[in-house]
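The structure under discussion appears below in the form of structure tokens.
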Amino acid sequence: MKKHSVLILGGDGFCGWPTALRFSSLGAAVTVLDNGARRSIDAALGTQSLVPIRNLHDRVEEWADVSGRRILHRHVDLAEDYPALAELLRSTHFDTVLHFAEQRSAPYSMLSTGGARYSVDNNIRATHNLLAALVETGSDAHLIHMGSIGVYGYATTDLLLPEGYLKIRAQGADQREIEKEILYPGQPESIYHMTKMLDQHLFAFYAHHYGMRITDLHQGVVWGTQTTETRRAPGLTNRFDHDPVFGTVVNRFMLQAIEGKPLSVYGSGKQTRAFIHIEDMLTCLTLAAETAPARREKVRILNQFSEICSIANLAALVSRVTGAPISHVDNPRQEPAENELDVDRTTYRTLGVKPRRFTDLLGAELADLPGLLGRSDPPCAPDLERSA
């Protein structure tokens, strides 16, 4: 990836920061844009990463010290400052643009009308401003967007969920049977996932009308904190969200286990989700960047996950590893009580991805966490469950 120029939008976030380090470590010239919104939401909610993280300026300085590679960074709000984005794209050639710059929490988008409005305003405007700026500046960059498997919805369908597109047969006006391929008509369970579904329609429009090269990654729940690069120095450590709004179920179970508390399974635990370890995510991202679609191709949609697991089975696995008891509690979230999930991931299998499972990595993650926290008695998560 030498001499490859990469722009990472939302590069201070949970997925964006380790992505910036990975591409830089591979020899790419990396520029990060971030508006600090994720940290501002922490302040508003009264929570923060359980693992202390440094500000973006200090992070990139630490990376320069340990790697000898410089990551450029700028404070830009994509949803509000279109001129700054367009000027950057005019002045700098980028081979790849990775788009993480969206409010990423489904619970936050359903927390209040304010959370819903912010999720739509920020996510859709950021995505459309990016697309418009790429067209206006004549950029031929390959756009990679971090989407979500949640765009398909979690209602049981008895279908193998396709990689974005569904082939249908319908009757034409002259009674002929017509076969077409359409974007899968998802049924998102949150405003956040709705914005991801709207994103994919914007991508389809811009790819068709302007010949843009776009890859949309429908990703599962990301878990794990450290990567090869973040382990190189304390100042590079990634964030660990543990509150009920931004923390994932994996983080919740791991923290409860090391605190000696029961694992809180929402409802029956028969909710089934796709998961991916953060190292596997980085592997998939680099492969996506190395295999860009051609101009005028339809948007390439890849389902990006390592395994599918019910919440109850995940709790049972953590319990076996740690001895933590399991407690079922009322589900504070609006979601189906149970679902089946079968998702196609043919493309990444074809590219040679060998995903790792909880059984491969969970023990090491649990062993690492107390050291990352720097204490043996980490604090409890803020009590935001009633409003989540």
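Labels used: A, B, ... for chains in the order of the structure tokens, numbers from 1 for residues in each chain, and numbers from 1 for ligands as shown.
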Subject >> Picked from stretch 178-269 of chain A by DSSP as strand (DSSP E), as a PyMOL selection string >> reply: chain A and resi 178-183+214-219+221-223+263-266
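All residues of protein, DNA or RNA that reach within 8 Å of A:Ile326, judged by only C-alpha atoms and not counting those fewer than 6 positions away in the chain, are Pro262, Leu263, Ser264, Val265, Ala315, Ala316 and Ser319 of chain A.
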**OP:** Mind listing the alpha helix (DSSP H) residues of stretch 41-289 of chain A, per DSSP on the backbone, as a PyMOL selection string?
**Re:** chain A and resi 41-45+56-67+82-91+106-111+113-136+191-210+249-259+278-289
Subject >> Among the residues A:Asp34, A:Asp12, A:Glu335, A:Asp344, the one that comes closest to A:Gln271 [using only C-alpha atoms] >> reply: A:Glu335
**OP:** Within 10 Å of A:Leu159, counting only C-alpha atoms, which residues show up once you throw out same-chain ones fewer than 2 positions away? Write them as a PyMOL selection string, please.
**Re:** chain A and resi 156-157+161-162+340-344
Those same residues - N, CA, C and O atoms - I'd like them written as a PDB file, in the first residue's frame.
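Saved as part22.pdb:
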```pdb
ATOM      1  N   THR A 156     -37.438 -12.198  11.646  1.00  0.00           N
ATOM      2  CA  THR A 156     -37.097 -13.483  11.038  1.00  0.00           C
ATOM      3  C   THR A 156     -37.738 -13.592   9.664  1.00  0.00           C
ATOM      4  O   THR A 156     -38.935 -13.354   9.491  1.00  0.00           O
ATOM      5  N   THR A 157     -36.922 -13.922   8.651  1.00  0.00           N
ATOM      6  CA  THR A 157     -37.419 -13.984   7.276  1.00  0.00           C
ATOM      7  C   THR A 157     -37.261 -15.361   6.639  1.00  0.00           C
ATOM      8  O   THR A 157     -37.793 -15.592   5.559  1.00  0.00           O
ATOM      9  N   LEU A 161     -29.766 -13.811   4.052  1.00  0.00           N
ATOM     10  CA  LEU A 161     -29.703 -12.400   3.687  1.00  0.00           C
ATOM     11  C   LEU A 161     -28.578 -12.196   2.686  1.00  0.00           C
ATOM     12  O   LEU A 161     -27.428 -12.572   2.931  1.00  0.00           O
ATOM     13  N   PRO A 162     -28.869 -11.592   1.536  1.00  0.00           N
ATOM     14  CA  PRO A 162     -27.880 -11.483   0.462  1.00  0.00           C
ATOM     15  C   PRO A 162     -26.881 -10.367   0.741  1.00  0.00           C
ATOM     16  O   PRO A 162     -27.020  -9.612   1.701  1.00  0.00           O
ATOM     17  N   GLU A 340     -34.086 -15.264  13.919  1.00  0.00           N
ATOM     18  CA  GLU A 340     -33.081 -16.072  13.236  1.00  0.00           C
ATOM     19  C   GLU A 340     -32.232 -15.122  12.395  1.00  0.00           C
ATOM     20  O   GLU A 340     -32.673 -14.026  12.052  1.00  0.00           O
ATOM     21  N   LEU A 341     -31.027 -15.525  12.071  1.00  0.00           N
ATOM     22  CA  LEU A 341     -30.159 -14.675  11.259  1.00  0.00           C
ATOM     23  C   LEU A 341     -29.217 -15.554  10.455  1.00  0.00           C
ATOM     24  O   LEU A 341     -28.425 -16.303  11.017  1.00  0.00           O
ATOM     25  N   ASP A 342     -29.338 -15.460   9.155  1.00  0.00           N
ATOM     26  CA  ASP A 342     -28.484 -16.217   8.242  1.00  0.00           C
ATOM     27  C   ASP A 342     -28.047 -15.251   7.155  1.00  0.00           C
ATOM     28  O   ASP A 342     -28.878 -14.726   6.412  1.00  0.00           O
ATOM     29  N   VAL A 343     -26.763 -14.977   7.082  1.00  0.00           N
ATOM     30  CA  VAL A 343     -26.257 -13.890   6.238  1.00  0.00           C
ATOM     31  C   VAL A 343     -25.147 -14.397   5.318  1.00  0.00           C
ATOM     32  O   VAL A 343     -24.220 -15.079   5.754  1.00  0.00           O
ATOM     33  N   ASP A 344     -25.238 -14.031   4.047  1.00  0.00           N
ATOM     34  CA  ASP A 344     -24.238 -14.411   3.056  1.00  0.00           C
ATOM     35  C   ASP A 344     -22.974 -13.564   3.229  1.00  0.00           C
ATOM     36  O   ASP A 344     -23.051 -12.347   3.367  1.00  0.00           O
TER      37      ASP A 344
END
```
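Atom CA of A:Leu134 to atom CA of A:Thr195 spans 20.1 Å [interatomic distance, one decimal].
For A:Pro336, the non-local neighbours within 10 Å, defined as residues at least 6 positions apart in the same chain or in other chains and counting only C-alpha atoms, are Gly153, Tyr154, Ala155, Thr156, Glu189, Lys270, Gln271 and Thr272 of chain A.
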**OP:** Write out as a list of chain:residue names which residues come within 8 Å of stretch 63-69 of chain A when counting only C-alpha atoms, dropping same-chain ones fewer than 6 positions away.
**Re:**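 In the requested form, the answer reads A:Leu21, A:Ser24, A:Ser25, A:Arg232, A:Ala233, A:Leu236.
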Output the selection as a PDB file, in the first residue's frame - C-alpha atoms for each residue.
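The file below, out04.pdb, is the result:
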```pdb
ATOM      1  CA  LEU A  21      -3.090   3.239  12.454  1.00  0.00           C
ATOM      2  CA  SER A  24      -0.411   4.103   8.200  1.00  0.00           C
ATOM      3  CA  SER A  25       1.492   1.003   9.323  1.00  0.00           C
ATOM      4  CA  ARG A 232       2.641  -0.362  20.658  1.00  0.00           C
ATOM      5  CA  ALA A 233       2.229   2.459  23.215  1.00  0.00           C
ATOM      6  CA  LEU A 236      -2.478   4.682  21.210  1.00  0.00           C
TER       7      LEU A 236
END
```
**OP:** Select, from A:Val299, A:Ala106, A:Val245, A:Cys284, the residue with the minimum atom-to-atom distance to A:His201, counting only C-alpha atoms.
**Re:** A:Val299
**OP:** Excluding A:Asn303 and any residue of its chain fewer than 2 positions from it, enumerate the residues within 10 Å of it, using only C-alpha atoms, and give them as a ChimeraX atom specification.
**Re:** /A:147-149,161-164,216-220,274,301,305-306,343-348
May I have the selected residues written with N, CA and C atoms, as a PDB file, in the first residue's frame?
```
ATOM      1  N   GLY A 147     -21.121   0.563   7.025  1.00  0.00           N
ATOM      2  CA  GLY A 147     -22.547   0.406   7.250  1.00  0.00           C
ATOM      3  C   GLY A 147     -22.818  -0.605   8.347  1.00  0.00           C
ATOM      4  N   SER A 148     -23.981  -1.224   8.301  1.00  0.00           N
ATOM      5  CA  SER A 148     -24.375  -2.152   9.371  1.00  0.00           C
ATOM      6  C   SER A 148     -25.269  -3.251   8.816  1.00  0.00           C
ATOM      7  N   ILE A 149     -25.067  -4.453   9.317  1.00  0.00           N
ATOM      8  CA  ILE A 149     -25.968  -5.553   8.969  1.00  0.00           C
ATOM      9  C   ILE A 149     -27.386  -5.247   9.438  1.00  0.00           C
ATOM     10  N   LEU A 161     -29.766 -13.811   4.052  1.00  0.00           N
ATOM     11  CA  LEU A 161     -29.703 -12.400   3.687  1.00  0.00           C
ATOM     12  C   LEU A 161     -28.578 -12.196   2.686  1.00  0.00           C
ATOM     13  N   PRO A 162     -28.869 -11.592   1.536  1.00  0.00           N
ATOM     14  CA  PRO A 162     -27.880 -11.483   0.462  1.00  0.00           C
ATOM     15  C   PRO A 162     -26.881 -10.367   0.741  1.00  0.00           C
ATOM     16  N   GLU A 163     -25.886 -10.252  -0.099  1.00  0.00           N
ATOM     17  CA  GLU A 163     -24.935  -9.155   0.032  1.00  0.00           C
ATOM     18  C   GLU A 163     -25.529  -7.908  -0.629  1.00  0.00           C
ATOM     19  N   GLY A 164     -26.527  -7.370   0.050  1.00  0.00           N
ATOM     20  CA  GLY A 164     -27.093  -6.091  -0.353  1.00  0.00           C
ATOM     21  C   GLY A 164     -28.211  -6.132  -1.371  1.00  0.00           C
ATOM     22  N   ASP A 216     -19.856  -0.521   0.167  1.00  0.00           N
ATOM     23  CA  ASP A 216     -20.651  -0.330   1.380  1.00  0.00           C
ATOM     24  C   ASP A 216     -20.542  -1.610   2.208  1.00  0.00           C
ATOM     25  N   LEU A 217     -19.977  -1.482   3.407  1.00  0.00           N
ATOM     26  CA  LEU A 217     -19.745  -2.644   4.258  1.00  0.00           C
ATOM     27  C   LEU A 217     -20.869  -2.776   5.275  1.00  0.00           C
ATOM     28  N   HIS A 218     -21.640  -3.837   5.169  1.00  0.00           N
ATOM     29  CA  HIS A 218     -22.696  -4.103   6.145  1.00  0.00           C
ATOM     30  C   HIS A 218     -22.075  -4.949   7.260  1.00  0.00           C
ATOM     31  N   GLN A 219     -21.653  -4.261   8.310  1.00  0.00           N
ATOM     32  CA  GLN A 219     -20.823  -4.880   9.333  1.00  0.00           C
ATOM     33  C   GLN A 219     -21.622  -5.323  10.551  1.00  0.00           C
ATOM     34  N   GLY A 220     -21.161  -6.398  11.184  1.00  0.00           N
ATOM     35  CA  GLY A 220     -21.737  -6.847  12.434  1.00  0.00           C
ATOM     36  C   GLY A 220     -21.203  -6.040  13.605  1.00  0.00           C
ATOM     37  N   ALA A 274     -24.825 -10.651  14.404  1.00  0.00           N
ATOM     38  CA  ALA A 274     -23.530 -10.942  13.785  1.00  0.00           C
ATOM     39  C   ALA A 274     -22.450 -10.147  14.510  1.00  0.00           C
ATOM     40  N   ILE A 301     -21.574  -4.210  -2.218  1.00  0.00           N
ATOM     41  CA  ILE A 301     -22.031  -4.360  -0.837  1.00  0.00           C
ATOM     42  C   ILE A 301     -21.499  -5.675  -0.293  1.00  0.00           C
ATOM     43  N   PHE A 305     -18.591  -9.818   8.780  1.00  0.00           N
ATOM     44  CA  PHE A 305     -18.748 -10.338  10.139  1.00  0.00           C
ATOM     45  C   PHE A 305     -17.947 -11.629  10.269  1.00  0.00           C
ATOM     46  N   SER A 306     -17.689 -12.017  11.519  1.00  0.00           N
ATOM     47  CA  SER A 306     -16.916 -13.229  11.785  1.00  0.00           C
ATOM     48  C   SER A 306     -17.788 -14.412  12.161  1.00  0.00           C
ATOM     49  N   VAL A 343     -26.763 -14.977   7.082  1.00  0.00           N
ATOM     50  CA  VAL A 343     -26.257 -13.890   6.238  1.00  0.00           C
ATOM     51  C   VAL A 343     -25.147 -14.397   5.318  1.00  0.00           C
ATOM     52  N   ASP A 344     -25.238 -14.031   4.047  1.00  0.00           N
ATOM     53  CA  ASP A 344     -24.238 -14.411   3.056  1.00  0.00           C
ATOM     54  C   ASP A 344     -22.974 -13.564   3.229  1.00  0.00           C
ATOM     55  N   ARG A 345     -21.808 -14.191   3.240  1.00  0.00           N
ATOM     56  CA  ARG A 345     -20.545 -13.443   3.258  1.00  0.00           C
ATOM     57  C   ARG A 345     -19.572 -14.043   2.235  1.00  0.00           C
ATOM     58  N   THR A 346     -20.098 -14.361   1.070  1.00  0.00           N
ATOM     59  CA  THR A 346     -19.319 -15.047   0.040  1.00  0.00           C
ATOM     60  C   THR A 346     -18.103 -14.249  -0.392  1.00  0.00           C
ATOM     61  N   THR A 347     -18.253 -12.936  -0.558  1.00  0.00           N
ATOM     62  CA  THR A 347     -17.157 -12.139  -1.122  1.00  0.00           C
ATOM     63  C   THR A 347     -15.912 -12.207  -0.255  1.00  0.00           C
ATOM     64  N   TYR A 348     -16.051 -12.013   1.051  1.00  0.00           N
ATOM     65  CA  TYR A 348     -14.863 -12.042   1.891  1.00  0.00           C
ATOM     66  C   TYR A 348     -14.268 -13.446   1.982  1.00  0.00           C
TER      67      TYR A 348
END
```
**OP:** Quote the spacing between atom CA of A:Gly323 and atom CA of A:Thr225 in Å to one decimal place.
**Re:**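 Rounded to one decimal, the two atoms are 22.0 Å apart.
For the pair atom CA of A:Arg333 and atom CA of A:Arg252, the separation is 14.9 Å.
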Original post:
Between A:Met254, A:Met197, A:Ala364, A:Ile276, which has the minimum distance to A:His242 (counting only C-alpha atoms)?
Top reply: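 Of A:Met254, A:Met197, A:Ala364, A:Ile276, the one nearest A:His242 is A:Met254, counting only C-alpha atoms.
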Original post:
For A:Val222, which residue out of A:Arg104, A:Gly235, A:Pro332, A:Thr291 is the nearest one, using only C-alpha atoms?
Top reply: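 The closest residue to A:Val222 is A:Arg104.
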Original post:
Hey, which of A:Gly224, A:Ile308, A:Asp95, A:Leu198 ends up closest to A:Asn339? Count only C-alpha atoms.
Top reply: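 Of the candidates, the smallest distance to A:Asn339 is held by A:Ile308.
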Subject >> Residues within 12 Å of A:Gly138, only C-alpha atoms, excluding chain neighbours under 5 positions, as a list of chain:residue names >> reply: A:Ala86, A:Glu87, A:Leu89, A:Arg90, A:Ser91, A:Thr92, A:His93, A:Phe94, A:Leu131, A:Ala132, A:Ala133, A:Tyr210, A:Gly211, A:Met212
Take the residues just selected and output them with N, CA, C and O atoms as a PDB file, in the first residue's frame.
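Resulting contents of again.pdb:
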```pdb
ATOM      1  N   ALA A  86     -14.702  20.218   0.720  1.00  0.00           N
ATOM      2  CA  ALA A  86     -14.442  20.363  -0.714  1.00  0.00           C
ATOM      3  C   ALA A  86     -13.039  20.888  -0.970  1.00  0.00           C
ATOM      4  O   ALA A  86     -12.346  20.438  -1.898  1.00  0.00           O
ATOM      5  N   GLU A  87     -12.588  21.829  -0.164  1.00  0.00           N
ATOM      6  CA  GLU A  87     -11.247  22.382  -0.342  1.00  0.00           C
ATOM      7  C   GLU A  87     -10.176  21.313  -0.114  1.00  0.00           C
ATOM      8  O   GLU A  87      -9.173  21.251  -0.842  1.00  0.00           O
ATOM      9  N   LEU A  89     -10.499  18.079  -0.585  1.00  0.00           N
ATOM     10  CA  LEU A  89     -10.526  17.151  -1.719  1.00  0.00           C
ATOM     11  C   LEU A  89      -9.946  17.781  -2.982  1.00  0.00           C
ATOM     12  O   LEU A  89      -9.409  17.089  -3.845  1.00  0.00           O
ATOM     13  N   ARG A  90     -10.055  19.121  -3.100  1.00  0.00           N
ATOM     14  CA  ARG A  90      -9.441  19.806  -4.241  1.00  0.00           C
ATOM     15  C   ARG A  90      -7.917  19.847  -4.126  1.00  0.00           C
ATOM     16  O   ARG A  90      -7.202  19.719  -5.122  1.00  0.00           O
ATOM     17  N   SER A  91      -7.457  20.049  -2.912  1.00  0.00           N
ATOM     18  CA  SER A  91      -6.024  20.292  -2.718  1.00  0.00           C
ATOM     19  C   SER A  91      -5.200  19.024  -2.557  1.00  0.00           C
ATOM     20  O   SER A  91      -3.979  19.061  -2.703  1.00  0.00           O
ATOM     21  N   THR A  92      -5.848  17.904  -2.250  1.00  0.00           N
ATOM     22  CA  THR A  92      -5.126  16.661  -1.977  1.00  0.00           C
ATOM     23  C   THR A  92      -5.741  15.511  -2.753  1.00  0.00           C
ATOM     24  O   THR A  92      -6.965  15.321  -2.722  1.00  0.00           O
ATOM     25  N   HIS A  93      -4.906  14.737  -3.417  1.00  0.00           N
ATOM     26  CA  HIS A  93      -5.396  13.541  -4.101  1.00  0.00           C
ATOM     27  C   HIS A  93      -5.489  12.385  -3.111  1.00  0.00           C
ATOM     28  O   HIS A  93      -4.521  12.074  -2.413  1.00  0.00           O
ATOM     29  N   PHE A  94      -6.660  11.764  -3.045  1.00  0.00           N
ATOM     30  CA  PHE A  94      -6.835  10.580  -2.200  1.00  0.00           C
ATOM     31  C   PHE A  94      -7.221   9.395  -3.070  1.00  0.00           C
ATOM     32  O   PHE A  94      -8.105   9.497  -3.930  1.00  0.00           O
ATOM     33  N   LEU A 131     -20.480  12.795  -0.805  1.00  0.00           N
ATOM     34  CA  LEU A 131     -20.731  12.401  -2.195  1.00  0.00           C
ATOM     35  C   LEU A 131     -20.711  13.609  -3.123  1.00  0.00           C
ATOM     36  O   LEU A 131     -20.101  13.581  -4.202  1.00  0.00           O
ATOM     37  N   ALA A 132     -21.374  14.685  -2.702  1.00  0.00           N
ATOM     38  CA  ALA A 132     -21.418  15.892  -3.536  1.00  0.00           C
ATOM     39  C   ALA A 132     -20.020  16.484  -3.717  1.00  0.00           C
ATOM     40  O   ALA A 132     -19.648  16.925  -4.816  1.00  0.00           O
ATOM     41  N   ALA A 133     -19.230  16.491  -2.646  1.00  0.00           N
ATOM     42  CA  ALA A 133     -17.890  17.056  -2.732  1.00  0.00           C
ATOM     43  C   ALA A 133     -16.985  16.218  -3.637  1.00  0.00           C
ATOM     44  O   ALA A 133     -16.153  16.760  -4.377  1.00  0.00           O
ATOM     45  N   TYR A 210     -22.996   9.168 -11.567  1.00  0.00           N
ATOM     46  CA  TYR A 210     -21.682   9.797 -11.662  1.00  0.00           C
ATOM     47  C   TYR A 210     -20.537   8.798 -11.771  1.00  0.00           C
ATOM     48  O   TYR A 210     -19.372   9.208 -11.813  1.00  0.00           O
ATOM     49  N   GLY A 211     -20.849   7.528 -11.815  1.00  0.00           N
ATOM     50  CA  GLY A 211     -19.804   6.513 -11.996  1.00  0.00           C
ATOM     51  C   GLY A 211     -18.854   6.374 -10.832  1.00  0.00           C
ATOM     52  O   GLY A 211     -17.722   5.929 -11.006  1.00  0.00           O
ATOM     53  N   MET A 212     -19.304   6.733  -9.632  1.00  0.00           N
ATOM     54  CA  MET A 212     -18.424   6.649  -8.469  1.00  0.00           C
ATOM     55  C   MET A 212     -18.137   5.200  -8.086  1.00  0.00           C
ATOM     56  O   MET A 212     -18.990   4.324  -8.254  1.00  0.00           O
TER      57      MET A 212
END
```
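With only C-alpha atoms as the atoms that count, the residue of A:Asn331, A:Thr322, A:Thr237, A:Thr286 with the shortest distance to A:Gly27 is A:Thr286.
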